[in-house]
file run_29.cif (mmCIF, C-alpha atoms)
data_input
#
loop_
_atom_site.label_atom_id
_atom_site.label_comp_id
_atom_site.auth_asym_id
_atom_site.auth_seq_id
_atom_site.Cartn_x
_atom_site.Cartn_y
_atom_site.Cartn_z
CA MET N 1 2.27 -25.28 -4.45
CA ILE N 2 1.95 -21.72 -5.78
CA ASN N 3 5.20 -19.76 -5.81
CA TYR N 4 3.83 -16.36 -4.76
CA THR N 5 7.22 -14.69 -5.00
CA ASN N 6 7.69 -15.75 -8.61
CA LEU N 7 4.13 -14.70 -9.40
CA ALA N 8 4.78 -11.20 -8.04
CA THR N 9 7.68 -10.64 -10.41
CA THR N 10 6.28 -12.27 -13.55
CA ALA N 11 2.48 -11.89 -13.70
CA PHE N 12 0.97 -8.44 -13.33
CA ASN N 13 -2.45 -7.79 -14.78
CA MET N 14 -3.92 -4.60 -13.33
CA PRO N 15 -6.96 -2.86 -14.85
CA LYS N 16 -6.07 0.36 -16.64
CA ILE N 17 -8.74 2.43 -14.88
CA GLY N 18 -9.79 2.16 -11.24
CA LEU N 19 -12.00 3.87 -8.71
CA GLY N 20 -10.23 5.95 -6.08
CA THR N 21 -11.87 5.93 -2.64
CA LEU N 22 -10.19 8.94 -1.02
CA GLY N 23 -12.86 11.34 0.20
CA ILE N 24 -15.79 8.95 -0.14
CA SER N 25 -17.57 9.25 3.19
CA PRO N 26 -18.44 6.06 5.09
CA SER N 27 -22.14 6.73 4.52
CA GLU N 28 -21.59 6.92 0.75
CA VAL N 29 -19.40 3.86 0.41
CA ARG N 30 -21.96 1.06 0.03
CA PRO N 31 -24.03 2.64 -2.75
CA VAL N 32 -20.89 3.90 -4.53
CA ILE N 33 -19.13 0.51 -4.45
CA ASN N 34 -22.25 -1.36 -5.50
CA GLU N 35 -22.87 1.13 -8.32
CA ALA N 36 -19.23 0.92 -9.41
CA LEU N 37 -19.30 -2.87 -9.55
CA SER N 38 -22.48 -2.82 -11.61
CA MET N 39 -20.92 -0.30 -14.02
CA GLY N 40 -17.91 -2.53 -14.55
CA TYR N 41 -15.25 -1.07 -12.26
CA ARG N 42 -12.86 -3.83 -11.28
CA LEU N 43 -10.05 -1.91 -9.59
CA PHE N 44 -10.57 -0.25 -6.21
CA ASP N 45 -7.84 1.88 -4.67
CA CYS N 46 -8.05 1.99 -0.87
CA ALA N 47 -5.95 3.07 2.12
CA PRO N 48 -6.29 2.97 5.92
CA VAL N 49 -5.90 6.76 6.11
CA TYR N 50 -9.02 7.21 3.97
CA PHE N 51 -10.90 5.87 7.02
CA ASN N 52 -13.50 4.01 5.03
CA GLU N 53 -11.97 0.54 4.49
CA LYS N 54 -14.37 -1.03 6.98
CA ASN N 55 -17.31 0.28 4.96
CA ILE N 56 -15.71 -0.80 1.69
CA GLY N 57 -15.29 -4.28 3.13
CA ASP N 58 -18.96 -4.38 4.07
CA ALA N 59 -19.87 -3.31 0.53
CA PHE N 60 -17.64 -6.02 -0.96
CA GLU N 61 -19.25 -8.67 1.20
CA GLU N 62 -22.72 -7.36 0.41
CA SER N 63 -22.02 -7.47 -3.32
CA THR N 64 -21.07 -11.15 -3.18
CA ARG N 65 -24.26 -11.99 -1.25
CA SER N 66 -26.56 -9.98 -3.49
CA ILE N 67 -29.05 -11.79 -5.68
CA VAL N 68 -28.88 -9.73 -8.84
CA GLY N 69 -31.63 -9.64 -11.43
CA VAL N 70 -34.55 -10.80 -9.30
CA GLY N 71 -37.96 -9.38 -10.17
CA VAL N 72 -40.20 -8.80 -13.14
CA GLY N 73 -38.25 -7.43 -16.10
CA ALA N 74 -34.90 -7.61 -14.28
CA VAL N 75 -31.85 -8.47 -16.35
CA PRO N 76 -29.58 -10.81 -14.39
CA HIS N 77 -25.85 -10.30 -14.48
CA ARG N 78 -23.06 -12.16 -12.79
CA VAL N 79 -21.90 -10.95 -9.42
CA PRO N 80 -18.09 -10.57 -9.66
CA HIS N 81 -15.97 -13.12 -7.84
CA ARG N 82 -13.00 -12.07 -5.74
CA THR N 83 -10.65 -12.98 -8.56
CA ASP N 84 -12.51 -10.56 -10.85
CA VAL N 85 -11.72 -7.57 -8.64
CA PHE N 86 -8.31 -5.93 -8.15
CA VAL N 87 -7.99 -4.37 -4.69
CA THR N 88 -5.14 -2.07 -3.68
CA SER N 89 -4.37 -0.75 -0.22
CA LYS N 90 -1.42 0.95 1.39
CA LEU N 91 0.93 0.81 4.35
CA ALA N 92 0.25 3.79 6.60
CA CYS N 93 3.17 5.84 7.91
CA PRO N 94 3.10 4.65 11.58
CA PHE N 95 3.68 1.03 10.51
CA HIS N 96 6.94 1.16 8.54
CA ARG N 97 9.03 -0.73 11.07
CA PRO N 98 9.42 -4.33 9.87
CA GLU N 99 7.65 -5.82 12.88
CA HIS N 100 4.60 -3.61 12.26
CA VAL N 101 4.15 -4.22 8.53
CA GLU N 102 2.35 -7.57 8.65
CA PRO N 103 0.00 -6.63 11.54
CA ALA N 104 -0.92 -3.46 9.63
CA LEU N 105 -1.69 -5.47 6.51
CA LYS N 106 -3.79 -7.97 8.45
CA LYS N 107 -5.73 -5.10 9.95
CA THR N 108 -6.47 -3.82 6.44
CA LEU N 109 -7.51 -7.31 5.30
CA TYR N 110 -9.82 -7.61 8.30
CA ASP N 111 -11.38 -4.23 7.55
CA LEU N 112 -11.82 -5.03 3.85
CA ARG N 113 -13.10 -8.57 4.62
CA LEU N 114 -10.50 -10.04 2.29
CA SER N 115 -7.98 -12.86 2.58
CA TYR N 116 -5.39 -11.20 0.35
CA LEU N 117 -4.63 -7.96 -1.51
CA ASP N 118 -3.80 -7.72 -5.18
CA LEU N 119 -1.46 -4.79 -4.54
CA PHE N 120 0.01 -3.33 -1.35
CA LEU N 121 1.87 -0.01 -1.56
CA VAL N 122 4.16 1.92 0.76
CA HIS N 123 1.94 5.00 0.88
CA TRP N 124 4.45 7.80 1.49
CA PRO N 125 8.22 7.96 1.49
CA VAL N 126 9.80 10.74 3.43
CA VAL N 127 13.49 10.99 2.76
CA LYS N 128 16.15 12.28 5.07
CA TYR N 129 19.86 12.25 4.41
CA LYS N 130 22.03 11.66 7.45
CA SER N 131 24.41 14.58 7.64
CA THR N 132 27.59 12.49 7.69
CA HIS N 133 26.60 10.47 4.66
CA PHE N 134 25.27 13.46 2.79
CA ALA N 135 28.53 15.34 3.35
CA PHE N 136 30.38 12.31 2.00
CA LEU N 137 28.09 12.31 -1.04
CA LEU N 138 28.77 15.96 -1.73
CA ILE N 139 32.52 15.39 -1.56
CA LEU N 140 32.25 12.54 -4.08
CA PHE N 141 29.94 14.49 -6.34
CA VAL N 142 31.66 17.88 -6.25
CA CYS N 143 35.31 16.97 -5.83
CA VAL N 144 35.69 13.53 -7.39
CA ARG N 145 32.93 14.12 -9.99
CA ILE N 146 31.37 10.68 -9.50
CA PRO N 147 27.82 10.81 -10.91
CA PHE N 148 25.24 11.23 -8.18
CA ILE N 149 22.99 8.53 -9.62
CA PHE N 150 25.92 6.07 -9.33
CA ILE N 151 26.71 7.16 -5.80
CA SER N 152 23.17 6.57 -4.62
CA SER N 153 23.26 2.95 -5.78
CA CYS N 154 26.53 1.98 -4.08
CA SER N 155 25.98 -0.66 -1.42
CA CYS N 156 28.54 0.94 0.89
CA ILE N 157 26.20 3.86 1.57
CA LEU N 158 22.80 2.20 1.22
CA ASP N 159 21.81 3.23 4.71
CA PHE N 160 21.96 6.94 3.92
CA ILE N 161 18.35 6.79 2.76
CA ILE N 162 16.02 6.80 5.73
CA LEU N 163 12.27 6.47 5.76
CA LEU N 164 10.77 9.08 8.05
CA ALA N 165 7.86 7.07 9.42
CA PHE N 166 5.38 8.43 11.92
CA LYS N 167 5.59 7.31 15.52
CA TYR N 168 3.92 3.92 15.97
CA VAL N 169 0.21 3.98 16.82
CA GLU N 170 -1.18 1.03 18.74
CA PHE N 171 -4.44 -0.55 17.60
CA ASP N 172 -6.72 -3.43 18.51
CA PRO N 173 -6.48 -6.03 15.71
CA SER N 174 -9.81 -7.54 16.77
CA VAL N 175 -11.75 -4.33 16.03
CA ARG N 176 -12.65 -3.32 12.49
CA GLY N 177 -12.20 0.30 11.49
CA TRP N 178 -10.41 3.09 13.32
CA GLU N 179 -11.70 4.87 16.40
CA ASN N 180 -9.88 8.09 15.47
CA GLU N 181 -7.48 9.47 12.86
CA ASP N 182 -4.28 9.16 14.89
CA ILE N 183 -2.58 7.07 12.17
CA ASP N 184 -2.68 10.12 9.89
CA GLU N 185 -1.53 12.61 12.52
CA SER N 186 2.06 13.89 12.53
CA ASP N 187 1.54 16.96 14.75
CA ASN N 188 3.03 19.16 12.00
CA GLY N 189 5.94 16.76 11.67
CA LYS N 190 6.79 16.45 15.36
CA LEU N 191 5.75 12.78 15.39
CA ILE N 192 7.93 11.81 12.45
CA ASP N 193 10.40 9.05 13.33
CA PRO N 194 13.64 9.40 11.28
CA SER N 195 15.13 6.07 12.35
CA VAL N 196 13.29 3.67 10.05
CA SER N 197 15.17 2.24 7.07
CA LEU N 198 13.32 1.93 3.79
CA ARG N 199 15.34 -1.18 3.05
CA ASP N 200 14.01 -2.85 6.21
CA THR N 201 10.45 -1.83 5.41
CA TRP N 202 10.73 -3.24 1.91
CA GLY N 203 12.10 -6.53 3.22
CA ALA N 204 8.98 -6.89 5.36
CA MET N 205 6.81 -6.09 2.34
CA GLU N 206 8.55 -8.85 0.37
CA THR N 207 7.78 -11.30 3.16
CA LEU N 208 4.07 -10.58 2.72
CA VAL N 209 4.37 -11.78 -0.87
CA ASP N 210 6.21 -14.92 0.23
CA LYS N 211 3.31 -15.72 2.57
CA GLY N 212 0.66 -15.18 -0.09
CA LEU N 213 -0.96 -12.30 1.81
CA VAL N 214 -0.46 -9.93 -1.12
CA LYS N 215 0.05 -10.70 -4.78
CA HIS N 216 2.10 -7.64 -5.67
CA ILE N 217 3.91 -4.88 -3.81
CA GLY N 218 4.75 -1.37 -4.85
CA VAL N 219 5.25 2.19 -3.74
CA ALA N 220 3.50 5.53 -3.96
CA ASN N 221 4.91 9.04 -4.27
CA PHE N 222 8.47 7.79 -4.81
CA PRO N 223 10.92 10.02 -6.72
CA VAL N 224 13.49 8.54 -9.09
CA MET N 225 16.39 8.48 -6.64
CA LEU N 226 14.47 6.40 -4.10
CA LEU N 227 13.39 3.96 -6.79
CA HIS N 228 16.91 3.74 -8.18
CA ASP N 229 18.33 2.92 -4.77
CA MET N 230 15.55 0.42 -4.00
CA LEU N 231 16.24 -1.53 -7.18
CA SER N 232 19.81 -2.12 -6.00
CA TYR N 233 18.63 -4.29 -3.11
CA ALA N 234 15.01 -5.32 -3.77
CA ARG N 235 14.53 -9.08 -4.03
CA ILE N 236 11.05 -8.34 -5.41
CA PRO N 237 11.08 -5.07 -7.38
CA PRO N 238 8.13 -2.72 -6.99
CA SER N 239 5.39 -3.48 -9.51
CA VAL N 240 3.86 -0.02 -9.29
CA ASN N 241 4.71 3.56 -8.44
CA GLN N 242 1.47 5.45 -7.79
CA VAL N 243 2.05 9.17 -8.17
CA GLU N 244 0.19 12.44 -8.76
CA ILE N 245 0.01 12.99 -12.52
CA HIS N 246 -2.18 15.41 -14.43
CA PRO N 247 -1.54 18.02 -17.17
CA TYR N 248 -0.18 20.50 -14.60
CA ASN N 249 2.17 17.90 -13.03
CA GLN N 250 3.29 15.59 -15.81
CA GLN N 251 6.41 13.98 -14.25
CA SER N 252 7.83 13.01 -17.65
CA GLU N 253 11.29 12.10 -16.33
CA LEU N 254 9.84 9.86 -13.62
CA LEU N 255 7.56 8.21 -16.17
CA ALA N 256 10.49 7.55 -18.51
CA TYR N 257 12.57 6.09 -15.68
CA CYS N 258 9.79 3.76 -14.54
CA LYS N 259 9.18 2.56 -18.09
CA SER N 260 12.88 1.77 -18.45
CA ARG N 261 12.77 -0.30 -15.24
CA ASN N 262 9.47 -2.06 -15.95
CA ILE N 263 7.65 -0.29 -13.11
CA THR N 264 4.02 0.48 -13.87
CA VAL N 265 3.08 4.11 -13.23
CA GLN N 266 -0.41 4.60 -11.84
CA ALA N 267 -1.64 8.18 -11.93
CA TYR N 268 -3.73 9.44 -9.06
CA SER N 269 -5.55 12.78 -9.17
CA PRO N 270 -5.57 12.60 -12.98
CA LEU N 271 -8.14 15.40 -13.06
CA GLY N 272 -6.23 17.65 -10.66
CA THR N 273 -8.23 16.92 -7.47
CA PRO N 274 -11.23 19.16 -8.24
CA GLY N 275 -12.88 18.15 -4.97
CA HIS N 276 -9.84 18.75 -2.75
CA LYS N 277 -8.03 21.78 -4.10
CA GLU N 278 -7.72 24.84 -1.89
CA ASP N 279 -8.84 28.38 -2.66
CA GLY N 280 -6.53 30.07 -5.13
CA GLU N 281 -5.17 26.85 -6.60
CA PRO N 282 -5.37 26.26 -10.36
CA ASN N 283 -8.27 24.29 -11.81
CA VAL N 284 -7.13 21.72 -14.36
CA LEU N 285 -10.65 21.09 -15.60
CA SER N 286 -11.09 24.79 -16.45
CA ASP N 287 -7.90 25.09 -18.49
CA PRO N 288 -8.72 26.78 -21.84
CA VAL N 289 -6.30 24.64 -23.86
CA LEU N 290 -7.75 21.43 -22.48
CA LYS N 291 -11.27 22.71 -23.00
CA GLU N 292 -10.54 23.58 -26.62
CA ILE N 293 -9.12 20.12 -27.35
CA ALA N 294 -11.95 18.37 -25.50
CA ASP N 295 -14.61 20.39 -27.30
CA ALA N 296 -13.07 19.56 -30.65
CA ARG N 297 -13.13 15.89 -29.71
CA ARG N 298 -16.66 16.19 -28.30
CA ILE N 299 -15.60 14.74 -24.96
CA SER N 300 -15.32 16.23 -21.48
CA VAL N 301 -12.07 17.70 -20.12
CA ALA N 302 -12.08 14.93 -17.51
CA GLN N 303 -12.19 12.28 -20.22
CA LEU N 304 -9.46 14.10 -22.12
CA CYS N 305 -7.21 14.02 -19.04
CA ILE N 306 -7.75 10.28 -18.68
CA VAL N 307 -7.14 9.62 -22.39
CA TRP N 308 -3.95 11.69 -22.18
CA SER N 309 -2.68 9.69 -19.18
CA LEU N 310 -3.50 6.36 -20.82
CA GLN N 311 -1.85 7.39 -24.06
CA ARG N 312 1.33 8.18 -22.11
CA GLY N 313 1.31 4.61 -20.78
CA CYS N 314 -0.06 5.30 -17.31
CA HIS N 315 -2.75 3.44 -15.44
CA VAL N 316 -5.31 5.73 -13.82
CA VAL N 317 -7.17 5.96 -10.50
CA ALA N 318 -9.98 8.52 -10.59
CA LYS N 319 -12.13 9.27 -7.56
CA SER N 320 -15.81 10.11 -7.73
CA SER N 321 -18.97 9.30 -5.84
CA ASP N 322 -21.19 10.92 -8.47
CA LYS N 323 -22.80 8.34 -10.77
CA ARG N 324 -22.51 10.46 -13.90
CA HIS N 325 -18.84 11.23 -13.29
CA MET N 326 -18.10 7.59 -12.43
CA GLU N 327 -19.60 6.52 -15.74
CA GLU N 328 -17.77 9.28 -17.61
CA ASN N 329 -14.41 8.29 -16.13
CA LEU N 330 -14.90 4.60 -16.88
CA GLU N 331 -16.07 5.19 -20.44
CA VAL N 332 -12.46 5.64 -21.52
CA SER N 333 -10.79 2.25 -21.80
CA VAL N 334 -7.69 0.99 -23.55
CA VAL N 335 -7.43 -1.38 -26.46
CA SER N 336 -4.10 -2.60 -27.71
CA ALA N 337 -3.35 -1.90 -31.33
CA VAL N 338 -1.55 -4.36 -33.56
CA ASP N 339 1.67 -2.37 -33.47
CA GLY N 340 1.69 -2.25 -29.66
CA ASN N 341 0.54 1.34 -29.38
CA TYR N 342 -2.53 2.22 -27.38
CA GLY N 343 -5.76 3.39 -28.90
CA HIS N 344 -8.72 4.49 -26.81
CA ARG N 345 -12.43 3.95 -27.00
CA PHE N 346 -15.57 4.61 -25.03
CA ALA N 347 -16.35 1.29 -23.43
CA SER N 348 -19.96 1.70 -22.42
CA MET N 349 -21.48 4.26 -24.81
CA ALA N 350 -24.13 2.84 -27.12
CA LEU N 351 -23.66 3.92 -30.72
CA THR N 352 -26.45 5.78 -32.47
CA GLU N 353 -27.55 4.91 -35.98
CA ASP N 354 -25.15 7.39 -37.55
CA GLY N 355 -22.21 5.83 -35.72
CA ASP N 356 -21.65 8.58 -33.16
CA GLY N 357 -21.59 7.94 -29.44
CA ALA N 358 -24.78 8.34 -27.47
CA ASN N 359 -23.44 11.57 -26.01
CA GLY N 360 -21.89 12.77 -29.25
CA ALA N 361 -18.55 11.12 -28.55
CA GLU N 362 -16.22 10.07 -31.33
CA SER N 363 -16.02 6.49 -32.44
CA SER N 364 -13.53 4.17 -30.79
CA SER N 365 -11.06 4.18 -33.67
CA SER N 366 -10.62 7.97 -33.66
CA LEU N 367 -10.06 8.70 -29.98
CA VAL N 368 -6.28 8.87 -30.18
CA LEU N 369 -4.74 12.24 -29.46
CA SER N 370 -2.62 13.64 -32.25
CA GLU N 371 1.02 14.56 -31.83
CA ASP N 372 0.05 18.23 -31.95
CA GLU N 373 -2.57 17.74 -29.22
CA MET N 374 -0.09 15.86 -27.04
CA GLU N 375 2.45 18.66 -27.52
CA ARG N 376 -0.10 21.32 -26.59
CA ILE N 377 -0.94 19.44 -23.40
CA ALA N 378 2.77 18.94 -22.66
CA SER N 379 3.22 22.73 -22.76
CA LEU N 380 0.84 23.05 -19.79
CA ASP N 381 3.21 21.33 -17.37
CA ARG N 382 4.06 23.59 -14.46
CA GLY N 383 5.18 21.00 -11.89
CA TYR N 384 2.20 21.89 -9.73
CA ARG N 385 1.33 19.44 -6.98
CA PHE N 386 -1.91 19.48 -5.07
CA PHE N 387 -0.46 17.07 -2.49
CA ARG N 388 2.52 18.72 -0.79
CA PRO N 389 3.78 16.92 2.33
CA GLU N 390 6.18 19.72 3.18
CA ASP N 391 3.08 21.82 3.85
CA TRP N 392 1.61 19.14 6.11
CA TRP N 393 4.73 18.71 8.23
CA LYS N 394 5.69 22.34 8.75
CA ASP N 395 7.64 21.83 11.99
CA THR N 396 9.78 19.22 10.27
CA PRO N 397 9.63 20.27 6.60
CA VAL N 398 10.52 17.31 4.41
CA PRO N 399 10.79 18.13 0.70
CA VAL N 400 9.91 14.66 -0.62
CA PHE N 401 9.94 15.73 -4.26
CA HIS N 402 12.86 18.17 -4.26
#
call {"tool": "encode", "arguments": {"input": "run_29.cif", "output": "structure tokens"}}
result
Amino acid sequence: MINYTNLATTAFNMPKIGLGTLGISPSEVRPVINEALSMGYRLFDCAPVYFNEKNIGDAFEESTRSIVGVGVGAVPHRVPHRTDVFVTSKLACPFHRPEHVEPALKKTLYDLRLSYLDLFLVHWPVVKYKSTHFAFLLILFVCVRIPFIFISSCSCILDFIILLAFKYVEFDPSVRGWENEDIDESDNGKLIDPSVSLRDTWGAMETLVDKGLVKHIGVANFPVMLLHDMLSYARIPPSVNQVEIHPYNQQSELLAYCKSRNITVQAYSPLGTPGHKEDGEPNVLSDPVLKEIADARRISVAQLCIVWSLQRGCHVVAKSSDKRHMEENLEVSVVSAVDGNYGHRFASMALTEDGDGANGAESSSSLVLSEDEMERIASLDRGYRFFRPEDWWKDTPVPVFH
């Protein structure tokens, strides 16, 4: 019998680059997923609050039924099996209570037409400190001078960290998809429920692994202090922390902490959300320093951002429904060097006779950013987040990252 719990803590093989599905409209999903599979994408990052999992599931099923390579001059290629594809989804905020976690997962599995997930993440943490416990913390920290990081891990005050889940939203488990977007509605924070313990939620997530419903569990958007506390009680530690990382929001301290605790960091919005940013917000892809480095390397700024993330040890989820951009994002892959460092190459560019890439890209052996280039990109960090929950929940402002 397979020991799923042991597997979750010992065997983790996630593709370095995946396709994000946020913002891909239901009508676009089938052609995008089919195109992505044919290009070689093997990681798909999904979530109920993207409101397209039903369509993604249909595309997955269609891809396994397709007869590929039929017709005069067609070149057959193998349709990927389920075990070839790594599928991630997330626990939406209304379903953080332990009794709601498994039904929410099964709803996602039903929508995606899958029997298990490779990775299931707690999508958003929202932290609140109970006033009595927080006052006690301040006394210890200010008066007794006990380090705050030690305080937060003490079992006697574990319950001071509360997960502010949304109010529960009922759903029909026999119906695929969502009739409306109520599961993503907080009414400016008025529907946030401050009584849900992160420890209880995580215990329910661990049970999903025990049952073989998910292979790995992790978190998204978690700051260091939440991770540090979670590791003090987690029977199955989080495999992944998926967070917003790009040259304007580098999160170096979080990255260092996760590396020291063997938690894989997966960067979302690695290009700075060009399709979702609001008027007046900075444009990562137009940054002059990045453009100068990319031009010198004869690659795009988007590819530079992905190379930079990979070279820092991150995995990457990049969203696009444009074929050219999908190909461009996937062209950067990771090869392990003999000394354990990461080099980078273009995976799918054919080489011309003179050894250059088809689009003028550098050869695989040379696409490693220099120390000077890495330092120049590091200087761009401004801690700028495009996803700011305190702006979403204005009536109950919750500074997740502060």
call {"tool": "atom_distance", "arguments": {"input": "run_29.cif", "atom1": "CA of Met374 in chain N", "atom2": "CA of Leu330 in chain N"}}
result
21.2 Å
call {"tool": "residues_around", "arguments": {"input": "run_29.cif", "residues": "range 100-117 of chain N", "least_positions_apart": "6", "cutoff": "10 Å", "atoms": "only C-alpha atoms", "output": "ChimeraX atom specification"}}
result
/N:46-48,52-61,82,86-92,94,168-178,201-205,207-209,212-217
call {"tool": "closest_residue", "arguments": {"input": "run_29.cif", "among": "N:Asp210, N:Asp295, N:Asp45, N:Asp182", "to": "Ile236 in chain N", "atoms": "only C-alpha atoms"}}
result
N:Asp210
call {"tool": "resolve_selection", "arguments": {"input": "run_29.cif", "expression": "the PyMOL selection byres ((chain N and resi 287-291) around 12)", "output": "PyMOL selection string"}}
result
chain N and resi 246-248+271-272+282-286+292-308+369+373-381
call {"tool": "resolve_selection", "arguments": {"input": "run_29.cif", "expression": "the PyMOL selection byres ((chain N and resi 218) around 6)", "output": "short mmCIF file (atom, residue, chain, number, x, y, z; two decimals) with C-alpha atoms, keeping the file's coordinate frame"}}
result
data_model
loop_
_atom_site.label_atom_id
_atom_site.label_comp_id
_atom_site.auth_asym_id
_atom_site.auth_seq_id
_atom_site.Cartn_x
_atom_site.Cartn_y
_atom_site.Cartn_z
CA LEU N 121 1.87 -0.01 -1.56
CA ILE N 217 3.91 -4.88 -3.81
CA VAL N 219 5.25 2.19 -3.74
CA PRO N 238 8.13 -2.72 -6.99
CA SER N 239 5.39 -3.48 -9.51
CA VAL N 240 3.86 -0.02 -9.29
#
call {"tool": "residues_around", "arguments": {"input": "run_29.cif", "residues": "Phe222 in chain N", "least_positions_apart": "5", "cutoff": "7 Å", "atoms": "only C-alpha atoms", "output": "MDAnalysis selection string"}}
result
chainID N and resid 125 227 241
call {"tool": "write_last_selection", "arguments": {"input": "run_29.cif", "atoms": "C-alpha atoms", "output": "CSV table (one decimal), in the frame of the given file"}}
result
chain,number,residue,atom,x,y,z
N,125,PRO,CA,8.2,8.0,1.5
N,227,LEU,CA,13.4,4.0,-6.8
N,241,ASN,CA,4.7,3.6,-8.4
call {"tool": "resolve_selection", "arguments": {"input": "run_29.cif", "expression": "the PyMOL selection byres ((chain N and resi 245) around 6)", "output": "number ranges by chain"}}
result
N: 244, 246, 249-250, 267, 270
call {"tool": "closest_residue", "arguments": {"input": "run_29.cif", "among": "N:Ile263, N:His96, N:Tyr50, N:Leu226", "to": "Val29 in chain N", "atoms": "all atoms listed in the file"}}
result
N:Tyr50
call {"tool": "residues_around", "arguments": {"input": "run_29.cif", "residues": "Asn329 in chain N", "least_positions_apart": "2", "cutoff": "9 Å", "atoms": "all atoms listed in the file", "output": "VMD selection string"}}
result
chain N and resid 17 19 302 to 303 306 318 to 320 324 to 327 331 to 332
call {"tool": "write_last_selection", "arguments": {"input": "run_29.cif", "atoms": "C-alpha atoms", "output": "mmCIF file, in the coordinates of the input"}}
result
data_model
loop_
_atom_site.group_PDB
_atom_site.id
_atom_site.type_symbol
_atom_site.label_atom_id
_atom_site.label_comp_id
_atom_site.auth_asym_id
_atom_site.auth_seq_id
_atom_site.Cartn_x
_atom_site.Cartn_y
_atom_site.Cartn_z
ATOM 1 C CA ILE N 17 -8.740 2.430 -14.880
ATOM 2 C CA LEU N 19 -12.000 3.870 -8.710
ATOM 3 C CA ALA N 302 -12.080 14.930 -17.510
ATOM 4 C CA GLN N 303 -12.190 12.280 -20.220
ATOM 5 C CA ILE N 306 -7.750 10.280 -18.680
ATOM 6 C CA ALA N 318 -9.980 8.520 -10.590
ATOM 7 C CA LYS N 319 -12.130 9.270 -7.560
ATOM 8 C CA SER N 320 -15.810 10.110 -7.730
ATOM 9 C CA ARG N 324 -22.510 10.460 -13.900
ATOM 10 C CA HIS N 325 -18.840 11.230 -13.290
ATOM 11 C CA MET N 326 -18.100 7.590 -12.430
ATOM 12 C CA GLU N 327 -19.600 6.520 -15.740
ATOM 13 C CA GLU N 331 -16.070 5.190 -20.440
ATOM 14 C CA VAL N 332 -12.460 5.640 -21.520
#
call {"tool": "atom_distance", "arguments": {"input": "run_29.cif", "atom1": "CA of Val122 in chain N", "atom2": "CA of Arg199 in chain N"}}
result
11.8 Å
call {"tool": "closest_residue", "arguments": {"input": "run_29.cif", "among": "N:Phe51, N:Ile33, N:Asp372, N:Asp279", "to": "Glu179 in chain N", "atoms": "all atoms listed in the file"}}
result
N:Phe51
